[in-house]
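**Student:** What follows is input_31.cif; its format and atoms are mmCIF, N, CA and C atoms.
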data_start
#
loop_
_atom_site.label_atom_id
_atom_site.label_comp_id
_atom_site.auth_asym_id
_atom_site.auth_seq_id
_atom_site.Cartn_x
_atom_site.Cartn_y
_atom_site.Cartn_z
N MET J 27 6.17 131.59 165.85
CA MET J 27 6.38 131.27 167.24
C MET J 27 5.26 130.32 167.66
N GLN J 28 5.64 129.26 168.35
CA GLN J 28 4.68 128.29 168.84
C GLN J 28 4.79 128.20 170.36
N ALA J 29 3.67 127.95 171.01
CA ALA J 29 3.69 127.85 172.47
C ALA J 29 2.55 126.95 172.95
N TYR J 30 2.75 126.42 174.13
CA TYR J 30 1.71 125.66 174.82
C TYR J 30 1.22 126.52 175.98
N ILE J 31 -0.09 126.68 176.06
CA ILE J 31 -0.69 127.45 177.14
C ILE J 31 -1.35 126.44 178.09
N LEU J 32 -0.89 126.39 179.32
CA LEU J 32 -1.44 125.50 180.33
C LEU J 32 -2.43 126.32 181.15
N ILE J 33 -3.67 125.85 181.21
CA ILE J 33 -4.76 126.66 181.75
C ILE J 33 -5.41 125.98 182.95
N SER J 34 -5.57 126.73 184.03
CA SER J 34 -6.35 126.28 185.18
C SER J 34 -7.73 126.93 185.09
N THR J 35 -8.77 126.13 185.36
CA THR J 35 -10.14 126.63 185.23
C THR J 35 -10.93 126.42 186.51
N ASP J 36 -12.09 127.05 186.58
CA ASP J 36 -13.05 126.77 187.63
C ASP J 36 -13.51 125.32 187.48
N ALA J 37 -13.97 124.73 188.58
CA ALA J 37 -14.47 123.35 188.55
C ALA J 37 -15.59 123.21 187.51
N GLY J 38 -15.54 122.13 186.75
CA GLY J 38 -16.57 121.85 185.75
C GLY J 38 -16.48 122.65 184.47
N LYS J 39 -15.44 123.48 184.32
CA LYS J 39 -15.33 124.37 183.15
C LYS J 39 -14.32 123.95 182.08
N PRO J 40 -13.51 122.91 182.28
CA PRO J 40 -12.46 122.63 181.29
C PRO J 40 -12.97 122.48 179.86
N TRP J 41 -14.06 121.78 179.66
CA TRP J 41 -14.54 121.52 178.30
C TRP J 41 -15.03 122.81 177.65
N LYS J 42 -15.75 123.65 178.40
CA LYS J 42 -16.23 124.93 177.86
C LYS J 42 -15.06 125.85 177.53
N VAL J 43 -14.04 125.87 178.42
CA VAL J 43 -12.88 126.71 178.17
C VAL J 43 -12.15 126.23 176.92
N ALA J 44 -11.96 124.93 176.77
CA ALA J 44 -11.29 124.39 175.58
C ALA J 44 -12.07 124.75 174.31
N GLU J 45 -13.39 124.60 174.33
CA GLU J 45 -14.22 124.95 173.18
C GLU J 45 -14.09 126.44 172.84
N SER J 46 -14.12 127.28 173.86
CA SER J 46 -14.01 128.73 173.63
C SER J 46 -12.63 129.10 173.11
N ALA J 47 -11.60 128.47 173.63
CA ALA J 47 -10.23 128.78 173.19
C ALA J 47 -10.06 128.46 171.71
N LEU J 48 -10.68 127.39 171.24
CA LEU J 48 -10.55 127.01 169.83
C LEU J 48 -11.14 128.04 168.88
N LYS J 49 -11.99 128.91 169.36
CA LYS J 49 -12.59 129.96 168.53
C LYS J 49 -11.65 131.16 168.35
N ILE J 50 -10.54 131.19 169.07
CA ILE J 50 -9.59 132.30 169.00
C ILE J 50 -8.59 132.02 167.89
N ASP J 51 -8.42 133.01 166.99
CA ASP J 51 -7.43 132.88 165.92
C ASP J 51 -6.06 132.66 166.54
N GLY J 52 -5.35 131.67 166.05
CA GLY J 52 -4.03 131.36 166.56
C GLY J 52 -4.01 130.14 167.46
N VAL J 53 -5.16 129.79 168.03
CA VAL J 53 -5.24 128.58 168.85
C VAL J 53 -5.49 127.42 167.89
N LYS J 54 -4.55 126.50 167.82
CA LYS J 54 -4.63 125.39 166.88
C LYS J 54 -5.24 124.14 167.51
N ILE J 55 -4.95 123.90 168.78
CA ILE J 55 -5.46 122.73 169.50
C ILE J 55 -5.78 123.16 170.93
N ALA J 56 -6.85 122.66 171.49
CA ALA J 56 -7.17 122.89 172.90
C ALA J 56 -7.88 121.65 173.43
N HIS J 57 -7.31 121.06 174.47
CA HIS J 57 -7.87 119.84 175.06
C HIS J 57 -8.05 119.99 176.55
N ALA J 58 -9.17 119.50 177.06
CA ALA J 58 -9.31 119.31 178.51
C ALA J 58 -8.43 118.12 178.87
N VAL J 59 -7.67 118.24 179.95
CA VAL J 59 -6.71 117.20 180.33
C VAL J 59 -6.79 116.93 181.84
N THR J 60 -6.16 115.83 182.24
CA THR J 60 -6.02 115.54 183.66
C THR J 60 -4.66 116.04 184.13
N GLY J 61 -4.49 116.18 185.43
CA GLY J 61 -3.21 116.61 185.96
C GLY J 61 -3.31 117.97 186.63
N PRO J 62 -2.17 118.65 186.80
CA PRO J 62 -2.17 119.92 187.53
C PRO J 62 -2.86 121.06 186.79
N PHE J 63 -3.05 120.92 185.47
CA PHE J 63 -3.78 121.92 184.69
C PHE J 63 -5.02 121.27 184.11
N ASP J 64 -5.99 122.09 183.72
CA ASP J 64 -7.28 121.59 183.24
C ASP J 64 -7.40 121.58 181.72
N VAL J 65 -6.68 122.49 181.07
CA VAL J 65 -6.73 122.60 179.61
C VAL J 65 -5.31 122.87 179.12
N VAL J 66 -4.95 122.25 178.01
CA VAL J 66 -3.69 122.56 177.32
C VAL J 66 -4.06 123.03 175.92
N ALA J 67 -3.54 124.21 175.56
CA ALA J 67 -3.79 124.76 174.23
C ALA J 67 -2.45 124.94 173.51
N PHE J 68 -2.43 124.60 172.23
CA PHE J 68 -1.26 124.83 171.39
C PHE J 68 -1.58 126.03 170.50
N VAL J 69 -0.70 127.03 170.52
CA VAL J 69 -0.96 128.26 169.75
C VAL J 69 0.22 128.58 168.84
N GLU J 70 -0.08 129.33 167.79
CA GLU J 70 0.95 129.85 166.90
C GLU J 70 0.73 131.35 166.73
N SER J 71 1.83 132.10 166.79
CA SER J 71 1.75 133.55 166.60
C SER J 71 2.98 133.99 165.82
N THR J 72 2.92 135.21 165.31
CA THR J 72 4.03 135.74 164.52
C THR J 72 5.03 136.53 165.36
N SER J 73 4.64 136.89 166.59
CA SER J 73 5.52 137.69 167.44
C SER J 73 5.14 137.51 168.91
N ILE J 74 6.01 137.97 169.77
CA ILE J 74 5.73 137.92 171.21
C ILE J 74 4.54 138.82 171.55
N ASP J 75 4.40 139.94 170.82
CA ASP J 75 3.26 140.83 171.06
C ASP J 75 1.94 140.13 170.71
N GLU J 76 1.94 139.41 169.58
CA GLU J 76 0.74 138.67 169.19
C GLU J 76 0.43 137.56 170.19
N LEU J 77 1.47 136.92 170.70
CA LEU J 77 1.27 135.90 171.73
C LEU J 77 0.62 136.53 172.96
N GLY J 78 1.06 137.71 173.34
CA GLY J 78 0.45 138.42 174.46
C GLY J 78 -1.02 138.70 174.24
N GLU J 79 -1.38 139.06 173.00
CA GLU J 79 -2.78 139.31 172.67
C GLU J 79 -3.60 138.02 172.77
N LEU J 80 -3.01 136.90 172.32
CA LEU J 80 -3.69 135.60 172.45
C LEU J 80 -3.95 135.28 173.92
N LEU J 81 -2.95 135.53 174.75
CA LEU J 81 -3.10 135.26 176.18
C LEU J 81 -4.19 136.12 176.80
N GLU J 82 -4.27 137.37 176.40
CA GLU J 82 -5.33 138.25 176.91
C GLU J 82 -6.70 137.69 176.55
N LYS J 83 -6.84 137.19 175.33
CA LYS J 83 -8.12 136.62 174.90
C LYS J 83 -8.44 135.35 175.68
N ILE J 84 -7.44 134.54 175.94
CA ILE J 84 -7.66 133.31 176.72
C ILE J 84 -8.05 133.67 178.15
N HIS J 85 -7.39 134.65 178.73
CA HIS J 85 -7.73 135.07 180.10
C HIS J 85 -9.14 135.64 180.20
N ALA J 86 -9.67 136.15 179.09
CA ALA J 86 -11.02 136.72 179.10
C ALA J 86 -12.11 135.65 179.03
N ILE J 87 -11.74 134.39 178.79
CA ILE J 87 -12.74 133.31 178.71
C ILE J 87 -13.30 133.05 180.09
N ASN J 88 -14.62 132.96 180.17
CA ASN J 88 -15.29 132.67 181.44
C ASN J 88 -14.81 131.33 181.98
N GLY J 89 -14.32 131.32 183.22
CA GLY J 89 -13.87 130.10 183.86
C GLY J 89 -12.37 129.95 183.94
N VAL J 90 -11.61 130.78 183.21
CA VAL J 90 -10.15 130.71 183.27
C VAL J 90 -9.67 131.39 184.56
N LEU J 91 -8.88 130.65 185.34
CA LEU J 91 -8.33 131.20 186.58
C LEU J 91 -6.91 131.73 186.39
N LYS J 92 -6.06 130.93 185.75
CA LYS J 92 -4.68 131.35 185.51
C LYS J 92 -4.10 130.52 184.38
N THR J 93 -2.98 131.00 183.84
CA THR J 93 -2.30 130.28 182.77
C THR J 93 -0.81 130.23 183.05
N GLN J 94 -0.17 129.30 182.38
CA GLN J 94 1.29 129.23 182.36
C GLN J 94 1.67 128.96 180.91
N THR J 95 2.64 129.70 180.40
CA THR J 95 3.00 129.59 178.99
C THR J 95 4.38 128.96 178.83
N ALA J 96 4.45 128.00 177.92
CA ALA J 96 5.72 127.36 177.56
C ALA J 96 5.95 127.62 176.08
N ILE J 97 6.90 128.51 175.76
CA ILE J 97 7.22 128.84 174.38
C ILE J 97 8.14 127.76 173.81
N SER J 98 7.79 127.24 172.65
CA SER J 98 8.61 126.22 172.00
C SER J 98 9.91 126.84 171.52
N MET J 99 10.99 126.11 171.72
CA MET J 99 12.30 126.58 171.28
C MET J 99 12.62 125.98 169.92
N PRO J 100 13.25 126.75 169.03
CA PRO J 100 13.60 126.21 167.72
C PRO J 100 14.64 125.10 167.87
N ALA J 101 14.79 124.30 166.84
CA ALA J 101 15.77 123.22 166.86
C ALA J 101 17.16 123.79 167.12
N ARG J 102 17.93 123.08 167.89
CA ARG J 102 19.28 123.53 168.25
C ARG J 102 20.25 123.25 167.10
N LEU J 103 20.99 124.26 166.75
CA LEU J 103 22.01 124.11 165.71
C LEU J 103 23.32 123.71 166.36
N GLU J 104 23.96 122.72 165.79
CA GLU J 104 25.25 122.28 166.38
C GLU J 104 26.37 122.51 165.41
#
Starting from the file, give its structure as structure tokens.

**Tutor:**
Amino acid sequence: MQAYILISTDAGKPWKVAESALKIDGVKIAHAVTGPFDVVAFVESTSIDELGELLEKIHAINGVLKTQTAISMPARLE
């Protein structure tokens, strides 16, 4: 299972949050970005439960205010 985690942070914290997120197993990419969110992280997990655990770890990072998760959908079979 793959997902994008869109993260809002405290002011001045995007880079620290991105660095901390990269230390979490399952987080493959984390970038500070411009726009309505401050950090975008790409994660991989084996189940929805594991994804929930990843989210809990991301929420525990100092400076994280809220997240929004976009789960990648598998290719459509026609």

**Student:** Please compute the CA of Gln28 in chain J-atom N of Ser98 in chain J distance, one decimal, in Å.

**Tutor:**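 Value for the CA of Gln28 in chain J-atom N of Ser98 in chain J distance: 5.0 Å.
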
**Student:** Using only N, CA and C atoms, which of J:Met27, J:Val53, J:Ala96, J:Ala58 sits nearest Pro40 in chain J?

**Tutor:**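 Residue with the minimum atom-to-atom distance to Pro40 in chain J: J:Ala58.
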
**Student:** Please measure the separation of atom N of Ile33 in chain J and atom N of Lys54 in chain J, giving the value in Å to one decimal.

**Tutor:**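 Straight-line distance from atom N of Ile33 in chain J to atom N of Lys54 in chain J works out to 13.4 Å.
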
**Student:** Rounded to one decimal place, report the CA of Lys39 in chain J-CA of Thr93 in chain J distance in Å.

**Tutor:**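 Atom-to-atom, CA of Lys39 in chain J and CA of Thr93 in chain J are spaced 14.3 Å apart.
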
**Student:** In chain J, what's strand (DSSP E or B) per DSSP? Answer as number ranges by chain?

**Tutor:** J: 28-35, 53-58, 65-70, 90-97

**Student:** Tell me, which residues of range 64-103 of chain J carry DSSP helix (DSSP H, G or I), written as a CSV table (one decimal) with N, CA and C atoms, in the coordinates of the input?

**Tutor:**
chain,number,residue,atom,x,y,z
J,74,ILE,N,6.0,138.0,169.8
J,74,ILE,CA,5.7,137.9,171.2
J,74,ILE,C,4.5,138.8,171.6
J,75,ASP,N,4.4,139.9,170.8
J,75,ASP,CA,3.3,140.8,171.1
J,75,ASP,C,1.9,140.1,170.7
J,76,GLU,N,1.9,139.4,169.6
J,76,GLU,CA,0.7,138.7,169.2
J,76,GLU,C,0.4,137.6,170.2
J,77,LEU,N,1.5,136.9,170.7
J,77,LEU,CA,1.3,135.9,171.7
J,77,LEU,C,0.6,136.5,173.0
J,78,GLY,N,1.1,137.7,173.3
J,78,GLY,CA,0.4,138.4,174.5
J,78,GLY,C,-1.0,138.7,174.2
J,79,GLU,N,-1.4,139.1,173.0
J,79,GLU,CA,-2.8,139.3,172.7
J,79,GLU,C,-3.6,138.0,172.8
J,80,LEU,N,-3.0,136.9,172.3
J,80,LEU,CA,-3.7,135.6,172.4
J,80,LEU,C,-4.0,135.3,173.9
J,81,LEU,N,-3.0,135.5,174.8
J,81,LEU,CA,-3.1,135.3,176.2
J,81,LEU,C,-4.2,136.1,176.8
J,82,GLU,N,-4.3,137.4,176.4
J,82,GLU,CA,-5.3,138.2,176.9
J,82,GLU,C,-6.7,137.7,176.6
J,83,LYS,N,-6.8,137.2,175.3
J,83,LYS,CA,-8.1,136.6,174.9
J,83,LYS,C,-8.4,135.4,175.7
J,84,ILE,N,-7.4,134.5,175.9
J,84,ILE,CA,-7.7,133.3,176.7
J,84,ILE,C,-8.0,133.7,178.2
J,85,HIS,N,-7.4,134.6,178.7
J,85,HIS,CA,-7.7,135.1,180.1
J,85,HIS,C,-9.1,135.6,180.2

**Student:** Identify all residues satisfying the PyMOL selection byres (((chain J and resi 30-32 and name CA) around 7) and name CA) in the given file; provide them as a PyMOL selection string.

**Tutor:** chain J and resi 29+33-34+63+65-69+93-97

**Student:** Got a sec: who's within 8 Å of Gly89 in chain J, counting all atoms listed in the file, leaving out chain neighbours fewer than 4 positions off, as a PyMOL selection string?

**Tutor:** chain J and resi 34-40+42-43+85

**Student:** Considering only C-alpha atoms, return as a PyMOL selection string whatever protein or nucleic-acid residues lie within 12 Å of Glu82 in chain J, sequence-local ones (same chain, fewer than 4 positions apart) excluded.

**Tutor:** chain J and resi 31+47+50+75-78+86-87+90+92-93
